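Here is the file input-v6.pdb (PDB, C-alpha atoms).
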```
ATOM      1  CA  MET A   1     -17.099 -42.102  42.647
ATOM      2  CA  VAL A   2     -13.899 -43.300  40.934
ATOM      3  CA  LEU A   3     -15.637 -43.600  37.545
ATOM      4  CA  PHE A   4     -17.258 -40.216  38.025
ATOM      5  CA  THR A   5     -13.899 -38.619  38.851
ATOM      6  CA  LEU A   6     -12.188 -40.176  35.830
ATOM      7  CA  ARG A   7     -14.981 -39.090  33.521
ATOM      8  CA  ARG A   8     -14.860 -35.532  34.813
ATOM      9  CA  LEU A   9     -11.068 -35.406  34.516
ATOM     10  CA  ILE A  10     -11.244 -36.483  30.868
ATOM     11  CA  GLN A  11     -13.959 -33.922  30.179
ATOM     12  CA  SER A  12     -11.884 -31.257  31.904
ATOM     13  CA  LEU A  13      -8.844 -32.019  29.767
ATOM     14  CA  PHE A  14     -10.900 -31.608  26.595
ATOM     15  CA  VAL A  15     -12.332 -28.331  27.913
ATOM     16  CA  LEU A  16      -8.857 -26.985  28.713
ATOM     17  CA  LEU A  17      -7.579 -28.034  25.284
ATOM     18  CA  ALA A  18     -10.478 -26.374  23.482
ATOM     19  CA  VAL A  19     -10.090 -23.182  25.506
ATOM     20  CA  SER A  20      -6.350 -23.087  24.813
ATOM     21  CA  VAL A  21      -6.959 -23.286  21.041
ATOM     22  CA  VAL A  22      -9.648 -20.583  20.966
ATOM     23  CA  VAL A  23      -7.893 -18.174  23.328
ATOM     24  CA  PHE A  24      -4.410 -18.583  21.877
ATOM     25  CA  PHE A  25      -5.416 -17.908  18.281
ATOM     26  CA  ALA A  26      -7.849 -15.123  19.258
ATOM     27  CA  VAL A  27      -5.269 -13.295  21.392
ATOM     28  CA  TYR A  28      -2.395 -13.772  18.975
ATOM     29  CA  ALA A  29      -4.492 -12.436  16.094
ATOM     30  CA  VAL A  30      -4.941  -9.025  17.724
ATOM     31  CA  GLY A  31      -2.290  -6.322  17.466
ATOM     32  CA  ASP A  32       1.481  -6.494  17.316
ATOM     33  CA  PRO A  33       3.225  -6.326  20.705
ATOM     34  CA  ILE A  34       6.525  -5.485  19.009
ATOM     35  CA  GLU A  35       5.175  -2.001  18.281
ATOM     36  CA  LEU A  36       4.903  -1.422  22.034
ATOM     37  CA  LEU A  37       7.980  -3.329  23.174
ATOM     38  CA  VAL A  38      10.529  -1.981  20.703
ATOM     39  CA  SER A  39      11.426   1.682  20.470
ATOM     40  CA  PRO A  40      10.759   3.331  17.088
ATOM     41  CA  GLU A  41      14.409   4.412  17.091
ATOM     42  CA  ALA A  42      15.655   0.813  17.404
ATOM     43  CA  THR A  43      17.669  -0.645  14.576
ATOM     44  CA  VAL A  44      16.333  -3.320  12.253
ATOM     45  CA  GLU A  45      18.746  -5.830  13.803
ATOM     46  CA  ALA A  46      17.561  -5.045  17.352
ATOM     47  CA  ARG A  47      13.935  -5.329  16.276
ATOM     48  CA  ALA A  48      14.571  -8.683  14.570
ATOM     49  CA  ALA A  49      16.442  -9.956  17.634
ATOM     50  CA  THR A  50      13.497  -9.087  19.907
ATOM     51  CA  ILE A  51      11.045 -10.804  17.566
ATOM     52  CA  ALA A  52      13.211 -13.949  17.522
ATOM     53  CA  ARG A  53      13.705 -13.894  21.307
ATOM     54  CA  LEU A  54       9.948 -13.804  21.879
ATOM     55  CA  GLY A  55       9.346 -16.523  19.286
ATOM     56  CA  LEU A  56       7.158 -14.234  17.183
ATOM     57  CA  ASP A  57       9.098 -15.048  14.023
ATOM     58  CA  GLN A  58       7.445 -18.475  13.889
ATOM     59  CA  PRO A  59       4.053 -19.232  12.268
ATOM     60  CA  VAL A  60       1.098 -18.963  14.646
ATOM     61  CA  TRP A  61       0.377 -22.700  14.528
ATOM     62  CA  GLN A  62       3.993 -23.446  15.458
ATOM     63  CA  GLN A  63       3.825 -20.930  18.315
ATOM     64  CA  TYR A  64       0.716 -22.724  19.576
ATOM     65  CA  PHE A  65       2.316 -26.151  19.611
ATOM     66  CA  THR A  66       5.371 -24.677  21.351
ATOM     67  CA  PHE A  67       3.038 -23.175  23.938
ATOM     68  CA  LEU A  68       1.134 -26.463  24.312
ATOM     69  CA  GLY A  69       4.331 -28.448  24.853
ATOM     70  CA  ARG A  70       5.517 -26.050  27.534
ATOM     71  CA  ALA A  71       2.053 -25.931  29.132
ATOM     72  CA  LEU A  72       2.201 -29.690  29.705
ATOM     73  CA  HIS A  73       5.218 -28.971  31.926
ATOM     74  CA  GLY A  74       3.480 -26.120  33.766
ATOM     75  CA  ASP A  75       5.065 -23.315  31.719
ATOM     76  CA  LEU A  76       2.433 -20.967  30.255
ATOM     77  CA  GLY A  77       4.960 -18.544  28.823
ATOM     78  CA  THR A  78       6.937 -15.515  29.928
ATOM     79  CA  SER A  79       5.464 -12.024  30.149
ATOM     80  CA  PHE A  80       6.591  -9.793  27.296
ATOM     81  CA  VAL A  81       6.430  -6.707  29.515
ATOM     82  CA  HIS A  82       7.666  -7.927  32.918
ATOM     83  CA  GLY A  83      10.074 -10.609  31.741
ATOM     84  CA  ILE A  84       8.975 -13.173  34.351
ATOM     85  CA  PRO A  85       6.833 -16.326  33.967
ATOM     86  CA  ALA A  86       3.182 -15.409  33.364
ATOM     87  CA  VAL A  87       1.986 -17.921  35.971
ATOM     88  CA  GLU A  88       4.276 -16.399  38.602
ATOM     89  CA  LEU A  89       2.968 -12.926  37.787
ATOM     90  CA  ILE A  90      -0.661 -14.074  38.087
ATOM     91  CA  VAL A  91      -0.042 -16.047  41.278
ATOM     92  CA  GLN A  92       1.395 -12.891  42.861
ATOM     93  CA  ARG A  93      -1.945 -11.165  42.241
ATOM     94  CA  MET A  94      -4.118 -14.187  43.029
ATOM     95  CA  PRO A  95      -4.397 -13.726  46.842
ATOM     96  CA  ALA A  96      -5.881 -10.250  46.411
ATOM     97  CA  THR A  97      -8.525 -11.492  43.963
ATOM     98  CA  PHE A  98      -9.383 -14.589  46.005
ATOM     99  CA  GLU A  99      -9.674 -12.475  49.142
ATOM    100  CA  LEU A 100     -12.039 -10.062  47.422
ATOM    101  CA  VAL A 101     -14.145 -12.864  45.934
ATOM    102  CA  VAL A 102     -14.365 -14.813  49.218
ATOM    103  CA  VAL A 103     -15.622 -11.709  51.040
ATOM    104  CA  ALA A 104     -18.111 -11.027  48.218
ATOM    105  CA  ILE A 105     -19.414 -14.620  48.234
ATOM    106  CA  THR A 106     -19.703 -14.537  52.038
ATOM    107  CA  LEU A 107     -21.754 -11.336  51.819
ATOM    108  CA  THR A 108     -23.879 -12.976  49.114
ATOM    109  CA  CYS A 109     -24.739 -15.955  51.330
ATOM    110  CA  VAL A 110     -25.068 -14.047  54.612
ATOM    111  CA  ILE A 111     -27.375 -11.413  53.111
ATOM    112  CA  GLY A 112     -29.019 -13.121  50.130
ATOM    113  CA  ILE A 113     -30.206 -16.381  51.715
ATOM    114  CA  PRO A 114     -31.841 -14.870  54.859
ATOM    115  CA  LEU A 115     -33.530 -12.124  52.821
ATOM    116  CA  GLY A 116     -34.707 -14.746  50.337
ATOM    117  CA  LEU A 117     -36.158 -16.828  53.167
ATOM    118  CA  VAL A 118     -38.053 -13.824  54.510
ATOM    119  CA  ALA A 119     -39.272 -12.837  51.037
ATOM    120  CA  GLY A 120     -40.434 -16.394  50.346
ATOM    121  CA  LEU A 121     -42.142 -16.920  53.696
ATOM    122  CA  TYR A 122     -43.932 -13.550  53.556
ATOM    123  CA  ARG A 123     -44.324 -13.225  49.798
ATOM    124  CA  GLU A 124     -47.907 -11.924  50.032
ATOM    125  CA  ARG A 125     -47.065  -9.287  52.637
ATOM    126  CA  PRO A 126     -45.534  -5.824  52.131
ATOM    127  CA  LEU A 127     -42.218  -6.974  53.654
ATOM    128  CA  GLY A 128     -41.771  -9.803  51.153
ATOM    129  CA  ARG A 129     -42.903  -7.721  48.209
ATOM    130  CA  GLY A 130     -40.603  -4.885  49.227
ATOM    131  CA  ILE A 131     -37.577  -7.188  49.406
ATOM    132  CA  MET A 132     -38.339  -8.706  46.002
ATOM    133  CA  ALA A 133     -38.887  -5.287  44.438
ATOM    134  CA  SER A 134     -35.636  -3.870  45.851
ATOM    135  CA  SER A 135     -33.696  -6.870  44.555
ATOM    136  CA  ILE A 136     -34.335  -5.665  41.006
ATOM    137  CA  LEU A 137     -31.786  -2.906  41.620
ATOM    138  CA  GLY A 138     -29.081  -5.544  41.982
ATOM    139  CA  PHE A 139     -29.673  -6.650  38.382
ATOM    140  CA  SER A 140     -30.346  -3.203  36.947
ATOM    141  CA  LEU A 141     -27.402  -1.097  38.087
ATOM    142  CA  PRO A 142     -24.228  -1.319  35.963
ATOM    143  CA  ASN A 143     -21.313  -2.661  37.965
ATOM    144  CA  PHE A 144     -18.948   0.194  37.134
ATOM    145  CA  TRP A 145     -21.604   2.837  37.893
ATOM    146  CA  GLN A 146     -22.532   1.450  41.303
ATOM    147  CA  GLY A 147     -18.807   1.220  42.118
ATOM    148  CA  MET A 148     -18.336   4.891  41.333
ATOM    149  CA  MET A 149     -21.426   5.769  43.375
ATOM    150  CA  LEU A 150     -20.040   3.827  46.358
ATOM    151  CA  ILE A 151     -16.772   5.744  46.071
ATOM    152  CA  LEU A 152     -18.616   9.049  45.739
ATOM    153  CA  LEU A 153     -20.793   8.361  48.792
ATOM    154  CA  PHE A 154     -18.478   6.615  51.257
ATOM    155  CA  ALA A 155     -15.074   7.939  50.178
ATOM    156  CA  VAL A 156     -15.734  11.441  48.847
ATOM    157  CA  TRP A 157     -18.829  12.737  50.622
ATOM    158  CA  LEU A 158     -18.692  10.873  53.950
ATOM    159  CA  GLY A 159     -14.955  10.131  54.032
ATOM    160  CA  TRP A 160     -15.539   6.842  55.856
ATOM    161  CA  LEU A 161     -13.680   4.458  53.551
ATOM    162  CA  PRO A 162     -10.648   4.678  51.227
ATOM    163  CA  ALA A 163     -11.398   4.781  47.504
ATOM    164  CA  SER A 164      -8.636   2.518  46.238
ATOM    165  CA  GLY A 165      -5.832   0.125  47.095
ATOM    166  CA  ARG A 166      -5.666  -2.888  49.364
ATOM    167  CA  GLY A 167      -4.470  -1.386  52.647
ATOM    168  CA  ASP A 168      -2.277  -3.050  55.266
ATOM    169  CA  THR A 169      -1.697  -6.784  54.900
ATOM    170  CA  VAL A 170      -0.526  -9.577  57.188
ATOM    171  CA  SER A 171       1.501 -12.479  55.814
ATOM    172  CA  VAL A 172       0.053 -15.922  56.598
ATOM    173  CA  LEU A 173       2.224 -18.791  55.324
ATOM    174  CA  GLY A 174       3.712 -16.372  52.839
ATOM    175  CA  VAL A 175       0.295 -15.185  51.575
ATOM    176  CA  PRO A 176      -0.512 -11.491  52.174
ATOM    177  CA  LEU A 177      -4.028 -11.023  53.577
ATOM    178  CA  SER A 178      -5.711  -7.679  54.178
ATOM    179  CA  ILE A 179      -8.807  -9.057  55.968
ATOM    180  CA  LEU A 180      -6.696  -9.627  59.077
ATOM    181  CA  THR A 181      -6.182  -5.897  59.620
ATOM    182  CA  LEU A 182      -8.667  -3.119  60.316
ATOM    183  CA  ASP A 183      -7.156  -0.972  57.569
ATOM    184  CA  GLY A 184      -7.416  -3.905  55.183
ATOM    185  CA  TRP A 185     -11.119  -4.342  55.954
ATOM    186  CA  SER A 186     -11.715  -0.650  55.309
ATOM    187  CA  HIS A 187     -10.238  -1.160  51.821
ATOM    188  CA  VAL A 188     -11.917  -4.471  50.936
ATOM    189  CA  ILE A 189     -15.480  -3.794  52.074
ATOM    190  CA  MET A 190     -16.504  -1.398  49.270
ATOM    191  CA  PRO A 191     -15.212  -3.440  46.312
ATOM    192  CA  ALA A 192     -16.606  -6.600  47.931
ATOM    193  CA  ILE A 193     -20.065  -5.018  48.250
ATOM    194  CA  ASN A 194     -19.855  -3.795  44.662
ATOM    195  CA  LEU A 195     -18.931  -7.291  43.498
ATOM    196  CA  ALA A 196     -21.631  -8.959  45.624
ATOM    197  CA  LEU A 197     -24.684  -6.799  44.891
ATOM    198  CA  ALA A 198     -25.802  -8.577  41.719
ATOM    199  CA  ASN A 199     -25.220 -11.990  43.294
ATOM    200  CA  ILE A 200     -27.125 -11.028  46.447
ATOM    201  CA  ALA A 201     -30.117 -10.189  44.252
ATOM    202  CA  LEU A 202     -29.723 -13.456  42.330
ATOM    203  CA  VAL A 203     -29.448 -15.667  45.421
ATOM    204  CA  LEU A 204     -32.250 -13.727  47.132
ATOM    205  CA  ARG A 205     -34.706 -14.302  44.293
ATOM    206  CA  LEU A 206     -33.640 -17.914  43.823
ATOM    207  CA  THR A 207     -34.107 -18.622  47.535
ATOM    208  CA  ALA A 208     -37.465 -16.845  47.665
ATOM    209  CA  THR A 209     -38.745 -18.803  44.670
ATOM    210  CA  GLY A 210     -37.552 -22.070  46.206
ATOM    211  CA  VAL A 211     -39.201 -21.284  49.542
ATOM    212  CA  ALA A 212     -42.499 -20.382  47.877
ATOM    213  CA  GLU A 213     -42.458 -23.621  45.896
ATOM    214  CA  ALA A 214     -41.372 -25.773  48.857
ATOM    215  CA  GLN A 215     -44.247 -24.524  50.992
ATOM    216  CA  THR A 216     -46.715 -26.127  48.581
ATOM    217  CA  GLN A 217     -45.059 -29.560  48.748
ATOM    218  CA  GLU A 218     -46.748 -32.458  50.525
ATOM    219  CA  TYR A 219     -43.896 -33.106  52.979
ATOM    220  CA  VAL A 220     -44.180 -29.514  54.290
ATOM    221  CA  LYS A 221     -47.952 -29.757  54.609
ATOM    222  CA  PHE A 222     -47.574 -33.101  56.393
ATOM    223  CA  ALA A 223     -45.042 -31.618  58.838
ATOM    224  CA  ARG A 224     -47.414 -28.773  59.630
ATOM    225  CA  ALA A 225     -50.290 -31.206  60.133
ATOM    226  CA  LYS A 226     -48.155 -33.125  62.623
ATOM    227  CA  GLY A 227     -47.639 -29.931  64.612
ATOM    228  CA  VAL A 228     -43.922 -29.498  63.879
ATOM    229  CA  ARG A 229     -42.699 -26.070  64.937
ATOM    230  CA  PRO A 230     -42.497 -23.514  62.055
ATOM    231  CA  GLY A 231     -38.810 -22.855  62.740
ATOM    232  CA  ARG A 232     -37.968 -26.545  62.455
ATOM    233  CA  ILE A 233     -39.991 -26.843  59.233
ATOM    234  CA  VAL A 234     -37.998 -23.985  57.713
ATOM    235  CA  ARG A 235     -34.619 -25.384  58.814
ATOM    236  CA  ARG A 236     -35.147 -29.100  58.228
ATOM    237  CA  HIS A 237     -37.643 -29.289  55.373
ATOM    238  CA  ILE A 238     -37.580 -26.059  53.378
ATOM    239  CA  LEU A 239     -34.034 -24.721  53.662
ATOM    240  CA  ARG A 240     -32.296 -28.042  53.132
ATOM    241  CA  ASN A 241     -34.238 -28.776  49.947
ATOM    242  CA  ILE A 242     -33.739 -25.352  48.384
ATOM    243  CA  LEU A 243     -29.995 -25.338  49.100
ATOM    244  CA  ILE A 244     -29.222 -27.529  46.083
ATOM    245  CA  PRO A 245     -29.919 -24.871  43.398
ATOM    246  CA  VAL A 246     -28.484 -22.192  45.694
ATOM    247  CA  VAL A 247     -25.232 -24.129  46.099
ATOM    248  CA  THR A 248     -25.059 -24.550  42.326
ATOM    249  CA  VAL A 249     -25.475 -20.835  41.703
ATOM    250  CA  VAL A 250     -23.049 -19.814  44.447
ATOM    251  CA  GLY A 251     -20.465 -22.281  43.159
ATOM    252  CA  MET A 252     -20.779 -21.048  39.593
ATOM    253  CA  GLU A 253     -20.737 -17.422  40.693
ATOM    254  CA  PHE A 254     -17.559 -18.024  42.696
ATOM    255  CA  GLY A 255     -15.771 -18.913  39.476
ATOM    256  CA  SER A 256     -17.493 -16.094  37.598
ATOM    257  CA  LEU A 257     -16.445 -13.506  40.152
ATOM    258  CA  ILE A 258     -12.825 -14.600  39.853
ATOM    259  CA  ALA A 259     -13.027 -14.373  36.074
ATOM    260  CA  TYR A 260     -15.054 -11.182  35.812
ATOM    261  CA  SER A 261     -13.851  -9.105  38.757
ATOM    262  CA  THR A 262     -11.936  -6.970  36.283
ATOM    263  CA  ILE A 263     -14.375  -4.040  36.361
ATOM    264  CA  THR A 264     -14.503  -3.853  40.148
ATOM    265  CA  GLU A 265     -10.725  -4.217  40.474
ATOM    266  CA  THR A 266     -10.205  -1.476  37.890
ATOM    267  CA  VAL A 267     -12.691   0.948  39.481
ATOM    268  CA  PHE A 268     -11.238   0.474  42.969
ATOM    269  CA  ALA A 269      -7.603   0.012  41.803
ATOM    270  CA  TRP A 270      -7.596  -3.346  43.590
ATOM    271  CA  PRO A 271      -4.251  -5.076  42.854
ATOM    272  CA  GLY A 272      -5.708  -8.418  41.760
ATOM    273  CA  MET A 273      -5.697 -10.657  38.705
ATOM    274  CA  GLY A 274      -8.491  -8.742  36.995
ATOM    275  CA  LYS A 275      -6.576  -5.483  36.958
ATOM    276  CA  LEU A 276      -3.496  -7.368  35.741
ATOM    277  CA  LEU A 277      -5.584  -8.745  32.859
ATOM    278  CA  ILE A 278      -6.786  -5.281  31.838
ATOM    279  CA  ASP A 279      -3.240  -3.901  31.950
ATOM    280  CA  SER A 280      -1.958  -6.891  29.946
ATOM    281  CA  VAL A 281      -4.631  -6.398  27.262
ATOM    282  CA  TYR A 282      -3.651  -2.745  26.902
ATOM    283  CA  GLN A 283       0.033  -3.706  26.676
ATOM    284  CA  LEU A 284      -0.635  -6.669  24.322
ATOM    285  CA  ASP A 285       1.117  -8.932  26.818
ATOM    286  CA  ARG A 286      -0.159 -12.091  25.137
ATOM    287  CA  PRO A 287       1.343 -14.767  27.431
ATOM    288  CA  VAL A 288      -0.245 -13.188  30.520
ATOM    289  CA  VAL A 289      -3.684 -12.980  28.862
ATOM    290  CA  VAL A 290      -3.557 -16.614  27.707
ATOM    291  CA  ALA A 291      -2.233 -17.841  31.074
ATOM    292  CA  TYR A 292      -4.954 -15.896  32.906
ATOM    293  CA  VAL A 293      -7.750 -17.445  30.840
ATOM    294  CA  MET A 294      -6.283 -20.939  31.229
ATOM    295  CA  LEU A 295      -5.975 -20.606  35.010
ATOM    296  CA  VAL A 296      -9.498 -19.201  35.334
ATOM    297  CA  THR A 297     -10.834 -22.082  33.224
ATOM    298  CA  LEU A 298      -9.051 -24.512  35.542
ATOM    299  CA  ILE A 299     -10.684 -22.804  38.528
ATOM    300  CA  PHE A 300     -14.114 -23.190  36.870
ATOM    301  CA  VAL A 301     -13.456 -26.892  36.328
ATOM    302  CA  ILE A 302     -12.471 -27.396  39.968
ATOM    303  CA  VAL A 303     -15.476 -25.424  41.249
ATOM    304  CA  ASN A 304     -17.865 -27.471  39.098
ATOM    305  CA  PHE A 305     -16.377 -30.679  40.458
ATOM    306  CA  VAL A 306     -16.802 -29.494  44.055
ATOM    307  CA  VAL A 307     -20.415 -28.480  43.340
ATOM    308  CA  ASP A 308     -21.159 -31.970  42.001
ATOM    309  CA  ILE A 309     -19.785 -33.511  45.196
ATOM    310  CA  LEU A 310     -21.906 -31.137  47.302
ATOM    311  CA  TYR A 311     -24.935 -32.225  45.261
ATOM    312  CA  ALA A 312     -24.530 -35.773  46.470
ATOM    313  CA  THR A 313     -23.959 -34.596  50.042
ATOM    314  CA  LEU A 314     -27.085 -32.430  50.167
ATOM    315  CA  ASP A 315     -29.338 -34.839  48.279
ATOM    316  CA  PRO A 316     -28.578 -38.584  48.432
ATOM    317  CA  ARG A 317     -30.942 -39.105  45.482
ATOM    318  CA  VAL A 318     -28.376 -37.494  43.170
ATOM    319  CA  GLN A 319     -26.348 -40.166  41.377
ATOM    320  CA  LEU A 320     -22.810 -39.325  40.312
ATOM    321  CA  VAL A 321     -22.600 -42.232  37.896
ATOM    322  CA  ALA A 322     -25.462 -43.329  35.683
ATOM    323  CA  PRO A 323     -26.820 -46.757  36.698
ATOM    324  CA  SER A 324     -25.949 -49.680  34.486
ATOM    325  CA  HIS A 325     -28.703 -51.535  32.610
TER     326      HIS A 325
END
```
Exercise: express the given structure as structure tokens:
Amino acid sequence: MVLFTLRRLIQSLFVLLAVSVVVFFAVYAVGDPIELLVSPEATVEARAATIARLGLDQPVWQQYFTFLGRALHGDLGTSFVHGIPAVELIVQRMPATFELVVVAITLTCVIGIPLGLVAGLYRERPLGRGIMASSILGFSLPNFWQGMMLILLFAVWLGWLPASGRGDTVSVLGVPLSILTLDGWSHVIMPAINLALANIALVLRLTATGVAEAQTQEYVKFARAKGVRPGRIVRRHILRNILIPVVTVVGMEFGSLIAYSTITETVFAWPGMGKLLIDSVYQLDRPVVVAYVMLVTLIFVIVNFVVDILYATLDPRVQLVAPSH
């Protein structure tokens, strides 16, 4: 476990370094934030002073190494627009995004896995075929379109749910949470469903395929021959063995939802990191964009590490470190 952890940490450092190079040079090659930050009526001296204050008078390679040196001390730059550290600005929005993603992942597991079990166990019956056929909609519908349809149906036509915002929040250890209030739940449920639909379809089909394959395995046939109850076979023999790929997908999708919740947050005006990213791109707020990508990459690295540990927990045959010869 120690060797595995060290190896993964070294790999993670190389990943973060590579991402920092690609993102920094890609972001800093697009547009000129000075055109947005400095008034056209400003004097040449004022314009030059702003450029020097932001460090934009230096060559790009020198700006990168300045950024890298500060990043090693936890400083990912200061927002051009807001004038506060980019990390602080993102962390302020992080609870809203994490809350939305956690609810979406919970819906994915609570709905996708049971439906996948039913579809796999009854794959030759109308119920199973109907579930598998309906899951195609989860992959087919564009995320922004289904979000607008949810707003049109539940907010405009029926008037059951609010169309935007986060609602009332309760502070827990200094972290504002909306899922602890009824008004907060009324705000989070639509964007969470919109974010979860594609993943529900993915987990559903993955589970159904795993169940169908597991039922043909010898250990399942042997359990049936011994007279083990069907419910116990599903819980102990089928579900446990198919959870490994499901856990992998759910873990990867957790990181993906954090990174790519921008569309949902924009459609529902959810005050999370994704909406901050979109606003920062429009405003050419380079430090915030770079800091966002770096933090999301770090989240991916952590999620992958946790998934590897869960692998070993669910299946003892999985080896974290290659055996020596």
Using the chain letters and numbers from this file, what does the PyMOL selection byres ((chain A and resi 253) around 12) select? Give the answer as a PyMOL selection string.
chain A and resi 101-102+104-106+108-109+195-196+198-200+202-203+246-252+254-261+299-300+303-304+307
Output the selection as an mmCIF file, in the coordinates of the input - C-alpha atoms for each residue.
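File result_0.cif, as written:
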```cif
data_model
loop_
_atom_site.group_PDB
_atom_site.id
_atom_site.type_symbol
_atom_site.label_atom_id
_atom_site.label_comp_id
_atom_site.auth_asym_id
_atom_site.auth_seq_id
_atom_site.Cartn_x
_atom_site.Cartn_y
_atom_site.Cartn_z
ATOM 1 C CA VAL A 101 -14.145 -12.864 45.934
ATOM 2 C CA VAL A 102 -14.365 -14.813 49.218
ATOM 3 C CA ALA A 104 -18.111 -11.027 48.218
ATOM 4 C CA ILE A 105 -19.414 -14.620 48.234
ATOM 5 C CA THR A 106 -19.703 -14.537 52.038
ATOM 6 C CA THR A 108 -23.879 -12.976 49.114
ATOM 7 C CA CYS A 109 -24.739 -15.955 51.330
ATOM 8 C CA LEU A 195 -18.931 -7.291 43.498
ATOM 9 C CA ALA A 196 -21.631 -8.959 45.624
ATOM 10 C CA ALA A 198 -25.802 -8.577 41.719
ATOM 11 C CA ASN A 199 -25.220 -11.990 43.294
ATOM 12 C CA ILE A 200 -27.125 -11.028 46.447
ATOM 13 C CA LEU A 202 -29.723 -13.456 42.330
ATOM 14 C CA VAL A 203 -29.448 -15.667 45.421
ATOM 15 C CA VAL A 246 -28.484 -22.192 45.694
ATOM 16 C CA VAL A 247 -25.232 -24.129 46.099
ATOM 17 C CA THR A 248 -25.059 -24.550 42.326
ATOM 18 C CA VAL A 249 -25.475 -20.835 41.703
ATOM 19 C CA VAL A 250 -23.049 -19.814 44.447
ATOM 20 C CA GLY A 251 -20.465 -22.281 43.159
ATOM 21 C CA MET A 252 -20.779 -21.048 39.593
ATOM 22 C CA PHE A 254 -17.559 -18.024 42.696
ATOM 23 C CA GLY A 255 -15.771 -18.913 39.476
ATOM 24 C CA SER A 256 -17.493 -16.094 37.598
ATOM 25 C CA LEU A 257 -16.445 -13.506 40.152
ATOM 26 C CA ILE A 258 -12.825 -14.600 39.853
ATOM 27 C CA ALA A 259 -13.027 -14.373 36.074
ATOM 28 C CA TYR A 260 -15.054 -11.182 35.812
ATOM 29 C CA SER A 261 -13.851 -9.105 38.757
ATOM 30 C CA ILE A 299 -10.684 -22.804 38.528
ATOM 31 C CA PHE A 300 -14.114 -23.190 36.870
ATOM 32 C CA VAL A 303 -15.476 -25.424 41.249
ATOM 33 C CA ASN A 304 -17.865 -27.471 39.098
ATOM 34 C CA VAL A 307 -20.415 -28.480 43.340
#
```
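With distances restricted to all atoms listed in the file, A:Ser178 is the closest residue to A:Ala96 from A:Gln215, A:Ser178, A:Asn194, A:Thr264.
The coordinates place atom CA of A:Gln11 at 27.4 Å from atom CA of A:Ala29.
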Going by the chain IDs and residue numbers used in this file, which residues fall under the PyMOL selection byres ((chain A and resi 41-54) around 12)? Write them as a ChimeraX atom specification.
/A:32-40,55-59,63,66-67,77-81,83,285-287
Quick one: axis-aligned box around all listed atoms of stretch 54-71 of chain A, 6 Å on every side, centre and edge lengths in Å to one decimal, written as JSON.
```
{"center_x": 5.2, "center_y": -21.1, "center_z": 20.7, "size_x": 21.6, "size_y": 26.6, "size_z": 28.9}
```
Could you check how far atom CA of A:Gly112 sits from atom CA of A:Asn241, in Å to one decimal?
16.5 Å
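Here the question is which of A:Leu298, A:Ile151, A:Leu239, A:Val306 gets nearest to A:Ala269 using all atoms listed in the file, and that residue is A:Ile151.
Straight-line separation from atom CA of A:Arg8 to atom CA of A:Phe305: 7.6 Å.
Here the question is which of A:Met190, A:Val267, A:Val301, A:Val220 gets nearest to A:Arg235 using only C-alpha atoms, and that residue is A:Val220.
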Would you kindly return, as number ranges by chain, each protein, DNA or RNA residue with an atom no farther than 8 Å from any atom of stretch 25-28 of chain A, considering all atoms listed in the file and excluding same-chain residues fewer than 4 positions away?
A: 21, 60, 64, 286, 289-290
Within-12 Å shell of (-9.9, 1.1, 42.8) in input frame, all atoms listed in the file, as number ranges by chain
A: 144, 147-148, 150-151, 155, 161-167, 187-192, 194, 261-272, 274-275
Using all atoms listed in the file, the residue out of A:Ser186, A:Thr207, A:Ser171, A:Gln62 with shortest distance to A:Met132 is A:Thr207
Selection in question (the file shown): the PyMOL selection byres ((chain A and resi 295) around 12). Which residues does it include, as number ranges by chain?
A: 16, 19-20, 71, 74-76, 86-88, 90-91, 94, 255, 258-259, 273, 288-294, 296-302
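Distances from A:Ile244, A:Ala208, A:Ala223, A:Leu276 to A:Gly120 were compared using all atoms listed in the file, and the smallest one belongs to A:Ala208.
Among the candidates A:Leu204, A:Leu100, A:Ile113, A:Pro245, the residue lying nearest to A:Ser134 is A:Leu204 (atoms considered: all atoms listed in the file).
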